[in-house]
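S.K.: This is input.cif (mmCIF, C-alpha atoms (C1' of nucleotides)).
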data_my_file
loop_
_atom_site.group_PDB
_atom_site.id
_atom_site.type_symbol
_atom_site.label_atom_id
_atom_site.label_comp_id
_atom_site.auth_asym_id
_atom_site.auth_seq_id
_atom_site.Cartn_x
_atom_site.Cartn_y
_atom_site.Cartn_z
ATOM 1 C CA MET A 1 0.000 0.000 0.000
ATOM 2 C CA PRO A 2 2.093 2.630 1.330
ATOM 3 C CA GLU A 3 4.129 5.376 -0.158
ATOM 4 C CA LEU A 4 4.779 8.741 1.397
ATOM 5 C CA PRO A 5 1.268 10.198 0.861
ATOM 6 C CA GLU A 6 -0.425 7.184 2.421
ATOM 7 C CA VAL A 7 1.942 7.133 5.395
ATOM 8 C CA GLU A 8 1.655 10.888 5.873
ATOM 9 C CA THR A 9 -2.136 10.655 5.793
ATOM 10 C CA LEU A 10 -2.024 8.053 8.557
ATOM 11 C CA ARG A 11 0.458 10.149 10.557
ATOM 12 C CA ARG A 12 -1.837 13.172 10.485
ATOM 13 C CA GLN A 13 -4.806 11.090 11.572
ATOM 14 C CA LEU A 14 -2.961 9.202 14.305
ATOM 15 C CA ARG A 15 -1.067 12.095 15.837
ATOM 16 C CA PRO A 16 -3.963 13.680 17.801
ATOM 17 C CA GLU A 17 -5.187 10.247 18.869
ATOM 18 C CA LEU A 18 -1.854 9.065 20.211
ATOM 19 C CA ILE A 19 0.086 12.017 21.610
ATOM 20 C CA GLY A 20 0.031 11.796 25.394
ATOM 21 C CA ARG A 21 -1.422 8.288 25.411
ATOM 22 C CA THR A 22 0.314 5.644 27.496
ATOM 23 C CA ILE A 23 0.787 2.156 26.108
ATOM 24 C CA VAL A 24 -0.467 -0.289 28.724
ATOM 25 C CA SER A 25 0.644 -3.438 26.926
ATOM 26 C CA GLY A 26 1.511 -4.776 23.508
ATOM 27 C CA ARG A 27 0.939 -8.052 21.742
ATOM 28 C CA ALA A 28 2.394 -9.385 18.524
ATOM 29 C CA PHE A 29 2.148 -12.124 15.915
ATOM 30 C CA SER A 30 4.880 -14.699 16.488
ATOM 31 C CA SER A 31 7.387 -13.507 13.938
ATOM 32 C CA ALA A 32 10.593 -11.615 14.602
ATOM 33 C CA LYS A 33 9.302 -8.852 12.334
ATOM 34 C CA PHE A 34 6.643 -7.932 14.880
ATOM 35 C CA THR A 35 7.603 -9.216 18.319
ATOM 36 C CA GLN A 36 9.287 -5.986 19.422
ATOM 37 C CA ALA A 37 5.772 -4.573 19.733
ATOM 38 C CA THR A 38 5.611 -6.265 23.118
ATOM 39 C CA ASP A 39 8.612 -4.295 24.438
ATOM 40 C CA LEU A 40 6.417 -1.301 25.189
ATOM 41 C CA VAL A 41 4.815 -1.359 28.625
ATOM 42 C CA GLY A 42 3.806 1.726 30.595
ATOM 43 C CA VAL A 43 5.471 4.144 28.225
ATOM 44 C CA SER A 44 3.760 7.166 26.701
ATOM 45 C CA ILE A 45 3.885 8.552 23.170
ATOM 46 C CA THR A 46 5.201 12.090 22.875
ATOM 47 C CA GLU A 47 5.162 12.708 19.110
ATOM 48 C CA VAL A 48 4.271 11.034 15.826
ATOM 49 C CA THR A 49 6.576 11.779 12.910
ATOM 50 C CA ARG A 50 7.515 10.252 9.570
ATOM 51 C CA ARG A 51 10.617 9.659 7.468
ATOM 52 C CA GLY A 52 9.916 8.445 3.946
ATOM 53 C CA LYS A 53 7.532 5.515 4.316
ATOM 54 C CA TYR A 54 8.424 4.927 7.979
ATOM 55 C CA LEU A 55 6.159 6.062 10.810
ATOM 56 C CA LEU A 56 8.062 7.049 13.950
ATOM 57 C CA PHE A 57 6.358 7.146 17.329
ATOM 58 C CA GLU A 58 8.557 9.008 19.789
ATOM 59 C CA LEU A 59 8.390 7.664 23.326
ATOM 60 C CA GLU A 60 8.993 9.390 26.640
ATOM 61 C CA ASP A 61 11.887 7.090 27.484
ATOM 62 C CA ASP A 62 14.032 8.167 24.496
ATOM 63 C CA ARG A 63 13.087 5.208 22.404
ATOM 64 C CA GLU A 64 11.084 5.146 19.172
ATOM 65 C CA LEU A 65 8.481 2.742 17.898
ATOM 66 C CA ILE A 66 8.959 2.352 14.139
ATOM 67 C CA VAL A 67 6.228 0.998 11.897
ATOM 68 C CA HIS A 68 6.691 0.152 8.233
ATOM 69 C CA LEU A 69 3.551 -0.940 6.415
ATOM 70 C CA GLY A 70 5.119 -3.127 3.739
ATOM 71 C CA MET A 71 2.635 -3.764 0.952
ATOM 72 C CA THR A 72 -0.581 -4.427 2.833
ATOM 73 C CA GLY A 73 -0.192 -2.832 6.258
ATOM 74 C CA GLN A 74 -3.052 -0.948 7.906
ATOM 75 C CA LEU A 75 -3.281 1.020 11.159
ATOM 76 C CA ARG A 76 -6.509 1.338 13.099
ATOM 77 C CA MET A 77 -7.873 2.582 16.387
ATOM 78 C CA GLU A 78 -10.438 0.255 17.953
ATOM 79 C CA PRO A 79 -12.374 -0.100 21.181
ATOM 80 C CA SER A 80 -10.470 -2.504 23.453
ATOM 81 C CA ALA A 81 -13.334 -4.985 23.256
ATOM 82 C CA ALA A 82 -13.145 -5.322 19.461
ATOM 83 C CA GLU A 83 -12.476 -8.809 18.147
ATOM 84 C CA PRO A 84 -8.977 -9.194 16.631
ATOM 85 C CA ASP A 85 -9.018 -10.620 13.126
ATOM 86 C CA GLN A 86 -6.615 -13.173 11.663
ATOM 87 C CA TYR A 87 -4.394 -10.573 9.986
ATOM 88 C CA GLU A 88 -3.637 -8.565 13.122
ATOM 89 C CA ARG A 89 0.167 -8.531 13.516
ATOM 90 C CA ALA A 90 0.558 -6.179 16.477
ATOM 91 C CA ALA A 91 -1.738 -4.320 18.843
ATOM 92 C CA TRP A 92 -1.194 -1.946 21.735
ATOM 93 C CA LEU A 93 -3.687 -1.400 24.524
ATOM 94 C CA LEU A 94 -3.834 2.290 25.433
ATOM 95 C CA ASP A 95 -4.733 4.047 28.657
ATOM 96 C CA ASP A 96 -7.976 5.363 27.136
ATOM 97 C CA ASP A 97 -9.238 1.800 26.731
ATOM 98 C CA ARG A 98 -8.675 1.706 23.012
ATOM 99 C CA ARG A 99 -6.408 -0.529 20.973
ATOM 100 C CA PHE A 100 -3.965 0.738 18.374
ATOM 101 C CA VAL A 101 -3.795 -2.059 15.822
ATOM 102 C CA PHE A 102 -1.401 -3.003 13.028
ATOM 103 C CA ARG A 103 -2.964 -5.316 10.471
ATOM 104 C CA ASP A 104 -0.956 -6.750 7.566
ATOM 105 C CA VAL A 105 -2.188 -9.543 5.320
ATOM 106 C CA ARG A 106 1.108 -10.299 3.572
ATOM 107 C CA ARG A 107 3.383 -9.695 6.566
ATOM 108 C CA PHE A 108 5.844 -7.585 4.565
ATOM 109 C CA GLY A 109 5.518 -4.866 7.191
ATOM 110 C CA ARG A 110 7.728 -4.466 10.197
ATOM 111 C CA ILE A 111 7.718 -3.229 13.783
ATOM 112 C CA ALA A 112 10.884 -2.057 15.530
ATOM 113 C CA VAL A 113 11.628 -0.414 18.858
ATOM 114 C CA VAL A 114 14.962 1.409 18.856
ATOM 115 C CA ASP A 115 16.901 3.995 20.809
ATOM 116 C CA ALA A 116 15.840 7.381 19.467
ATOM 117 C CA GLY A 117 17.569 8.034 16.151
ATOM 118 C CA ASP A 118 19.370 4.692 15.973
ATOM 119 C CA TYR A 119 18.219 3.238 12.674
ATOM 120 C CA SER A 120 21.116 0.867 12.126
ATOM 121 C CA SER A 121 18.793 -2.146 12.265
ATOM 122 C CA LEU A 122 16.756 -0.777 9.324
ATOM 123 C CA PRO A 123 19.151 -0.322 6.390
ATOM 124 C CA THR A 124 16.806 1.602 4.106
ATOM 125 C CA LEU A 125 15.813 4.041 6.844
ATOM 126 C CA HIS A 126 19.424 4.301 7.966
ATOM 127 C CA HIS A 127 20.525 5.396 4.497
ATOM 128 C CA LEU A 128 17.338 7.245 3.576
ATOM 129 C CA GLY A 129 17.576 10.203 1.213
ATOM 130 C CA PRO A 130 16.162 13.667 1.919
ATOM 131 C CA GLU A 131 12.480 14.343 2.458
ATOM 132 C CA PRO A 132 10.852 15.551 -0.769
ATOM 133 C CA PHE A 133 9.774 18.861 0.777
ATOM 134 C CA ASP A 134 13.109 19.548 2.471
ATOM 135 C CA ARG A 135 14.213 22.942 1.166
ATOM 136 C CA ALA A 136 17.798 21.747 1.097
ATOM 137 C CA LEU A 137 16.762 19.315 -1.629
ATOM 138 C CA THR A 138 17.213 21.243 -4.861
ATOM 139 C CA GLY A 139 17.256 20.187 -8.483
ATOM 140 C CA ALA A 140 21.029 20.339 -8.350
ATOM 141 C CA VAL A 141 21.115 18.031 -5.333
ATOM 142 C CA LEU A 142 18.768 15.520 -6.955
ATOM 143 C CA HIS A 143 20.760 15.751 -10.181
ATOM 144 C CA ALA A 144 23.984 14.981 -8.361
ATOM 145 C CA ALA A 145 22.400 12.059 -6.521
ATOM 146 C CA LEU A 146 21.029 10.557 -9.741
ATOM 147 C CA ARG A 147 24.386 10.971 -11.473
ATOM 148 C CA SER A 148 26.138 8.942 -8.798
ATOM 149 C CA SER A 149 24.641 5.697 -10.140
ATOM 150 C CA ASP A 150 24.195 4.101 -13.553
ATOM 151 C CA ARG A 151 20.967 2.369 -12.602
ATOM 152 C CA ARG A 152 17.745 3.367 -14.297
ATOM 153 C CA ILE A 153 16.052 6.509 -12.952
ATOM 154 C CA LYS A 154 13.010 4.513 -11.848
ATOM 155 C CA THR A 155 15.172 2.028 -9.969
ATOM 156 C CA GLN A 156 17.113 4.806 -8.286
ATOM 157 C CA LEU A 157 13.925 6.522 -7.109
ATOM 158 C CA LEU A 158 12.599 3.287 -5.642
ATOM 159 C CA SER A 159 15.890 2.759 -3.776
ATOM 160 C CA GLN A 160 14.924 5.625 -1.402
ATOM 161 C CA ARG A 161 18.443 7.042 -1.689
ATOM 162 C CA PRO A 162 18.068 10.121 -3.919
ATOM 163 C CA ILE A 163 14.746 11.066 -2.252
ATOM 164 C CA ALA A 164 12.622 9.485 0.479
ATOM 165 C CA GLY A 165 9.152 8.029 0.230
ATOM 166 C CA VAL A 166 8.643 7.444 -3.492
ATOM 167 C CA GLY A 167 7.213 4.086 -4.546
ATOM 168 C CA ASN A 168 5.931 2.544 -7.749
ATOM 169 C CA ILE A 169 2.794 4.656 -8.148
ATOM 170 C CA TYR A 170 4.241 8.098 -7.503
ATOM 171 C CA ALA A 171 7.474 7.323 -9.378
ATOM 172 C CA ASP A 172 5.511 6.587 -12.552
ATOM 173 C CA GLU A 173 3.225 9.579 -12.009
ATOM 174 C CA ALA A 174 6.116 11.985 -11.463
ATOM 175 C CA ALA A 175 8.153 10.715 -14.408
ATOM 176 C CA TRP A 176 5.107 11.129 -16.653
ATOM 177 C CA LEU A 177 4.427 14.636 -15.372
ATOM 178 C CA ALA A 178 8.078 15.633 -15.768
ATOM 179 C CA MET A 179 8.285 14.044 -19.229
ATOM 180 C CA VAL A 180 11.266 12.030 -18.039
ATOM 181 C CA ASN A 181 11.596 8.450 -19.225
ATOM 182 C CA PRO A 182 11.892 6.141 -16.200
ATOM 183 C CA THR A 183 14.164 3.769 -18.129
ATOM 184 C CA TRP A 184 16.873 6.368 -18.704
ATOM 185 C CA ARG A 185 20.056 5.988 -16.695
ATOM 186 C CA ARG A 186 21.055 9.657 -16.830
ATOM 187 C CA VAL A 187 19.105 12.884 -16.739
ATOM 188 C CA THR A 188 20.191 16.408 -17.551
ATOM 189 C CA ARG A 189 20.079 19.152 -14.984
ATOM 190 C CA PRO A 190 16.824 20.601 -16.408
ATOM 191 C CA GLU A 191 15.287 17.119 -16.409
ATOM 192 C CA ALA A 192 16.270 16.671 -12.770
ATOM 193 C CA GLU A 193 14.669 20.033 -11.964
ATOM 194 C CA ARG A 194 11.457 18.980 -13.698
ATOM 195 C CA LEU A 195 11.507 15.603 -11.981
ATOM 196 C CA LEU A 196 11.835 17.164 -8.531
ATOM 197 C CA ASP A 197 9.007 19.603 -9.228
ATOM 198 C CA ALA A 198 6.864 16.721 -10.484
ATOM 199 C CA LEU A 199 7.670 14.503 -7.500
ATOM 200 C CA ARG A 200 6.657 17.280 -5.130
ATOM 201 C CA HIS A 201 3.507 17.912 -7.128
ATOM 202 C CA VAL A 202 2.275 14.312 -7.225
ATOM 203 C CA LEU A 203 3.196 13.640 -3.589
ATOM 204 C CA ALA A 204 1.391 16.799 -2.429
ATOM 205 C CA ASP A 205 -1.652 15.827 -4.512
ATOM 206 C CA GLY A 206 -1.552 12.336 -3.039
ATOM 207 C CA ILE A 207 -1.551 13.756 0.491
ATOM 208 C CA GLU A 208 -4.319 16.196 -0.406
ATOM 209 C CA HIS A 209 -6.435 13.278 -1.601
ATOM 210 C CA GLY A 210 -5.756 11.163 1.474
ATOM 211 C CA GLY A 211 -3.598 8.632 -0.395
ATOM 212 C CA THR A 212 -4.236 6.092 -3.162
ATOM 213 C CA THR A 213 -6.442 3.079 -2.425
ATOM 214 C CA LEU A 214 -5.932 0.342 -5.014
ATOM 215 C CA ARG A 215 -6.456 -2.662 -2.770
ATOM 216 C CA ASP A 216 -5.462 -2.707 0.867
ATOM 217 C CA TYR A 217 -4.702 0.857 1.882
ATOM 218 C CA ARG A 218 -7.193 2.314 4.346
ATOM 219 C CA THR A 219 -7.179 5.449 6.419
ATOM 220 C CA VAL A 220 -7.313 5.166 10.230
ATOM 221 C CA ASP A 221 -11.107 5.300 10.189
ATOM 222 C CA GLY A 222 -11.248 2.527 7.577
ATOM 223 C CA GLY A 223 -11.985 4.869 4.667
ATOM 224 C CA GLU A 224 -10.411 4.842 1.235
ATOM 225 C CA GLY A 225 -8.105 7.434 -0.241
ATOM 226 C CA GLU A 226 -9.190 9.379 -3.298
ATOM 227 C CA HIS A 227 -6.003 9.767 -5.300
ATOM 228 C CA GLN A 228 -6.629 6.637 -7.407
ATOM 229 C CA ARG A 229 -9.165 8.789 -9.271
ATOM 230 C CA HIS A 230 -6.411 11.202 -10.273
ATOM 231 C CA LEU A 231 -3.760 8.824 -11.624
ATOM 232 C CA GLU A 232 -2.543 9.808 -15.100
ATOM 233 C CA CYS A 233 -0.033 7.042 -15.781
ATOM 234 C CA TYR A 234 0.342 4.298 -13.139
ATOM 235 C CA GLY A 235 -1.707 1.242 -14.049
ATOM 236 C CA ARG A 236 -2.837 2.742 -17.361
ATOM 237 C CA GLY A 237 -0.678 0.731 -19.761
ATOM 238 C CA GLY A 238 -2.432 0.299 -23.129
ATOM 239 C CA ARG A 239 -4.652 3.313 -22.558
ATOM 240 C CA PRO A 240 -4.122 6.686 -24.220
ATOM 241 C CA CYS A 241 -1.821 9.276 -22.725
ATOM 242 C CA SER A 242 -4.003 12.125 -21.512
ATOM 243 C CA ARG A 243 -1.464 14.618 -22.859
ATOM 244 C CA CYS A 244 -0.861 13.338 -26.401
ATOM 245 C CA GLY A 245 -3.177 10.365 -26.988
ATOM 246 C CA THR A 246 -0.397 7.834 -27.593
ATOM 247 C CA GLU A 247 -0.887 4.417 -26.016
ATOM 248 C CA LEU A 248 0.981 4.209 -22.718
ATOM 249 C CA VAL A 249 3.573 1.441 -22.523
ATOM 250 C CA ALA A 250 3.898 -0.890 -19.533
ATOM 251 C CA LYS A 251 7.024 -2.984 -19.073
ATOM 252 C CA SER A 252 8.788 -4.623 -16.191
ATOM 253 C CA ILE A 253 11.806 -2.538 -15.201
ATOM 254 C CA ASP A 254 13.985 -4.247 -12.614
ATOM 255 C CA ALA A 255 11.036 -6.422 -11.622
ATOM 256 C CA ARG A 256 8.604 -3.540 -11.101
ATOM 257 C CA THR A 257 5.867 -2.815 -13.625
ATOM 258 C CA THR A 258 6.583 0.614 -15.064
ATOM 259 C CA THR A 259 4.272 2.675 -17.251
ATOM 260 C CA TRP A 260 5.211 5.616 -19.446
ATOM 261 C CA CYS A 261 4.286 7.504 -22.606
ATOM 262 C CA PRO A 262 6.679 6.622 -25.438
ATOM 263 C CA VAL A 263 6.108 10.010 -27.082
ATOM 264 C CA CYS A 264 5.934 12.513 -24.196
ATOM 265 C CA GLN A 265 8.722 10.789 -22.280
ATOM 266 C CA ARG A 266 11.211 10.811 -25.125
ATOM 267 C CA ARG A 267 14.117 13.117 -25.877
ATOM 268 C "C1'" DA B 1 30.722 -0.499 -2.031
ATOM 269 C "C1'" DC B 2 27.724 -1.452 -5.444
ATOM 270 C "C1'" DT B 3 24.365 -4.421 -8.256
ATOM 271 C "C1'" DG B 4 21.091 -7.937 -9.624
ATOM 272 C "C1'" DT B 5 18.251 -11.551 -7.925
ATOM 273 C "C1'" DA B 6 15.618 -14.214 -4.861
ATOM 274 C "C1'" DA B 7 13.036 -14.302 -0.847
ATOM 275 C "C1'" DC B 8 9.606 -13.032 2.324
ATOM 276 C "C1'" DC B 9 3.730 -13.757 2.302
ATOM 277 C "C1'" DT B 10 -1.328 -13.941 0.973
ATOM 278 C "C1'" DG B 11 -5.199 -13.004 -1.966
ATOM 279 C "C1'" DC B 12 -7.221 -12.255 -6.226
ATOM 280 C "C1'" DA B 13 -8.143 -12.031 -11.209
ATOM 281 C "C1'" DG B 14 -7.881 -14.228 -15.490
ATOM 282 C "C1'" DG B 15 -7.177 -18.174 -18.586
ATOM 283 C "C1'" DC B 16 -8.218 -22.855 -19.583
ATOM 284 C "C1'" DT C 1 -16.604 -25.005 -10.634
ATOM 285 C "C1'" DG C 2 -11.750 -25.690 -10.043
ATOM 286 C "C1'" DC C 3 -6.897 -25.534 -10.896
ATOM 287 C "C1'" DC C 4 -2.919 -22.984 -12.249
ATOM 288 C "C1'" DT C 5 -0.252 -18.890 -13.193
ATOM 289 C "C1'" DG C 6 0.992 -14.365 -12.603
ATOM 290 C "C1'" DC C 7 0.682 -10.167 -10.312
ATOM 291 C "C1'" DA C 8 0.318 -6.692 -6.339
ATOM 292 C "C1'" DG C 9 1.784 0.441 -2.812
ATOM 293 C "C1'" DG C 10 8.305 -2.892 -0.410
ATOM 294 C "C1'" DT C 11 12.509 -4.059 1.809
ATOM 295 C "C1'" DT C 12 16.342 -7.037 2.728
ATOM 296 C "C1'" DA C 13 19.662 -10.913 2.595
ATOM 297 C "C1'" DC C 14 22.912 -12.802 -0.193
ATOM 298 C "C1'" DA C 15 26.036 -13.899 -3.946
ATOM 299 C "C1'" DG C 16 29.119 -12.053 -7.265
#
Using structure tokens, write down the structure from this file.
M.R.:
Amino acid sequence: MPELPEVETLRRQLRPELIGRTIVSGRAFSSAKFTQATDLVGVSITEVTRRGKYLLFELEDDRELIVHLGMTGQLRMEPSAAEPDQYERAAWLLDDDRRFVFRDVRRFGRIAVVDAGDYSSLPTLHHLGPEPFDRALTGAVLHAALRSSDRRIKTQLLSQRPIAGVGNIYADEAAWLAMVNPTWRRVTRPEAERLLDALRHVLADGIEHGGTTLRDYRTVDGGEGEHQRHLECYGRGGRPCSRCGTELVAKSIDARTTTWCPVCQRR
DNA sequence: ACTGTAACCTGCAGGC
DNA sequence: TGCCTGCAGGTTACAG
């Protein structure tokens, strides 16, 4: 499910519910990916932040609870009496008699409890690139980052190194908007400028629309996002480009389906 | 240090 | 109806 707009939507919804709440107890599905959820007893949440696709719950004891949603993760608030379903992977009982629940059908998600700021156990977070809306991230900075590798632009974006939080949907959307071909291995400085503008544009739109619900993604209240109604490129292979009418092409690029317009996204 | 590939999981849609 | 294959918002371990 979850790219930056989906995770940011959840962060904004969870923050007022969780700040100041004390975790009474935690339970977890019996897999090392989730069992650290049980390490939190009698500790309160002081802030809810985000880096890329990672949700960070700051705790009063200078630790952080980190949640990554994988492909199918969901976060919910429930009354403590609610029946857990078979896909619940972690749940925390709060001092207001509600449960904060992590549900994840495919179990690609992950729960970690770390000392504040110590991300060495999560390689992608540890080496995460700048936030898309960080003012220090300029076209020149993105250009330099993309030049440091010969991998395809799409692959580099998905690596989380040049910029944080971009996944398959928003990578295809931004490349289309910027008229940059995702299969290129190098971009010019002006192309990098356009790509950064486009990334910011599609991510901001995604947040504005509460995220993209294709299958599993749900907001905290169980609702769907709206951004799937605004997609111009992702998932539209074989259909006409809304800019020029040419049939969009979909091919597997480094094992991820990638869609682009062979006319607009051409030099 | 970097890169490509397989692996981790389950559900669902489409073809036969 | 049922079986089989391929595909899905991601990250990470491992081999070269």
S.K.: Up to 9 Å from chain C, what residues of chain A turn up? Count only C-alpha atoms (C1' of nucleotides) and give them as a VMD selection string.
M.R.: chain A and resid 1 to 3 6 69 to 72 108 to 109 123 to 124 167 to 169 212 to 217
S.K.: Based on all atoms listed in the file, which of the residues in chain A come within 12 Å of chain B? I want them as a list in words.
M.R.: Ser31, Lys33, Gly70, Met71, Thr72, Gln86, Tyr87, Asp104, Val105, Arg106, Arg107, Phe108, Gly109, Arg110, Ser148, Ser149, Asp150, Arg151, Arg152, Thr155, Gln156, Ser159, Arg215, Asp216, Asp254 and Ala255 of chain A
S.K.: Report, in Å to a single decimal, how far apart atom CA of A:Gly206 and atom CA of A:Gly245 are.
M.R.: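 Answer for the atom CA of A:Gly245 to atom CA of A:Gly206 separation: 24.1 Å.
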S.K.: For A:Pro162, please output as a PyMOL selection string all residues within 10 Å (counting only C-alpha atoms (C1' of nucleotides); exclusion window: fewer than 3 positions along the same chain).
M.R.: chain A and resi 127-132+137+141-148+153+156-159+166
S.K.: Pick out the closest residue to A:Glu60 from this set: A:Val113, A:Leu75, A:Leu18, A:Val43. Count only C-alpha atoms.
M.R.: A:Val43
S.K.: Please report the interatomic distance between atom CA of A:Glu224 and atom CA of A:Leu40 in Å with one decimal.
M.R.: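 It comes out at 29.9 Å.
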S.K.: Quote the spacing between atom CA of A:Asp172 and atom CA of A:Lys154 in Å to one decimal place.
M.R.: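 Calculated distance between atom CA of A:Asp172 and atom CA of A:Lys154 is 7.8 Å.
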S.K.: Name every residue that the PyMOL selection byres ((chain A and resi 45) around 8) selects in this structure, writing the answer as a list in words with chains first and numbers rising.
M.R.: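 With the PyMOL selection byres ((chain A and resi 45) around 8) on this model, the match is Leu18, Ile19, Gly20, Arg21, Thr22, Ile23, Val43, Ser44, Thr46, Glu47, Val48, Phe57, Glu58, Leu59 and Glu60 of chain A.
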S.K.: For stretch 5-14 of chain C, I'd like the enclosing box, axis-aligned and padded by 4 Å on every side, reported as JSON with centre and edge lengths in Å to one decimal.
M.R.:
{"center_x": 11.3, "center_y": -9.2, "center_z": -5.2, "size_x": 31.2, "size_y": 27.3, "size_z": 23.9}
S.K.: Counting all atoms listed in the file, note down every residue that has an atom within 9 Å of the point (19.0, 15.3, -14.6) (file coordinates), as a PDB file with C-alpha atoms, keeping the file's coordinate frame.
M.R.:
ATOM      1  CA  GLY A 139      17.256  20.187  -8.483  1.00  0.00           C
ATOM      2  CA  ALA A 140      21.029  20.339  -8.350  1.00  0.00           C
ATOM      3  CA  LEU A 142      18.768  15.520  -6.955  1.00  0.00           C
ATOM      4  CA  HIS A 143      20.760  15.751 -10.181  1.00  0.00           C
ATOM      5  CA  ALA A 144      23.984  14.981  -8.361  1.00  0.00           C
ATOM      6  CA  LEU A 146      21.029  10.557  -9.741  1.00  0.00           C
ATOM      7  CA  ARG A 147      24.386  10.971 -11.473  1.00  0.00           C
ATOM      8  CA  ARG A 186      21.055   9.657 -16.830  1.00  0.00           C
ATOM      9  CA  VAL A 187      19.105  12.884 -16.739  1.00  0.00           C
ATOM     10  CA  THR A 188      20.191  16.408 -17.551  1.00  0.00           C
ATOM     11  CA  ARG A 189      20.079  19.152 -14.984  1.00  0.00           C
ATOM     12  CA  PRO A 190      16.824  20.601 -16.408  1.00  0.00           C
ATOM     13  CA  GLU A 191      15.287  17.119 -16.409  1.00  0.00           C
ATOM     14  CA  ALA A 192      16.270  16.671 -12.770  1.00  0.00           C
ATOM     15  CA  GLU A 193      14.669  20.033 -11.964  1.00  0.00           C
ATOM     16  CA  ARG A 194      11.457  18.980 -13.698  1.00  0.00           C
ATOM     17  CA  LEU A 195      11.507  15.603 -11.981  1.00  0.00           C
TER      18      LEU A 195
END
S.K.: Selected by the PyMOL selection byres ((chain A and resi 225-240) around 10) in the shown coordinates: which residues, as a VMD selection string?
M.R.: chain A and resid 5 to 6 9 168 to 177 202 205 to 214 217 to 219 222 to 224 241 to 251 257 to 261
S.K.: Have a look at A:Ala82, A:Ile111, A:Ala116, A:Leu94 and name the one nearest to A:Phe29; count only C-alpha atoms.
M.R.: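 Checking each candidate against A:Phe29, we get A:Ile111 as the closest.
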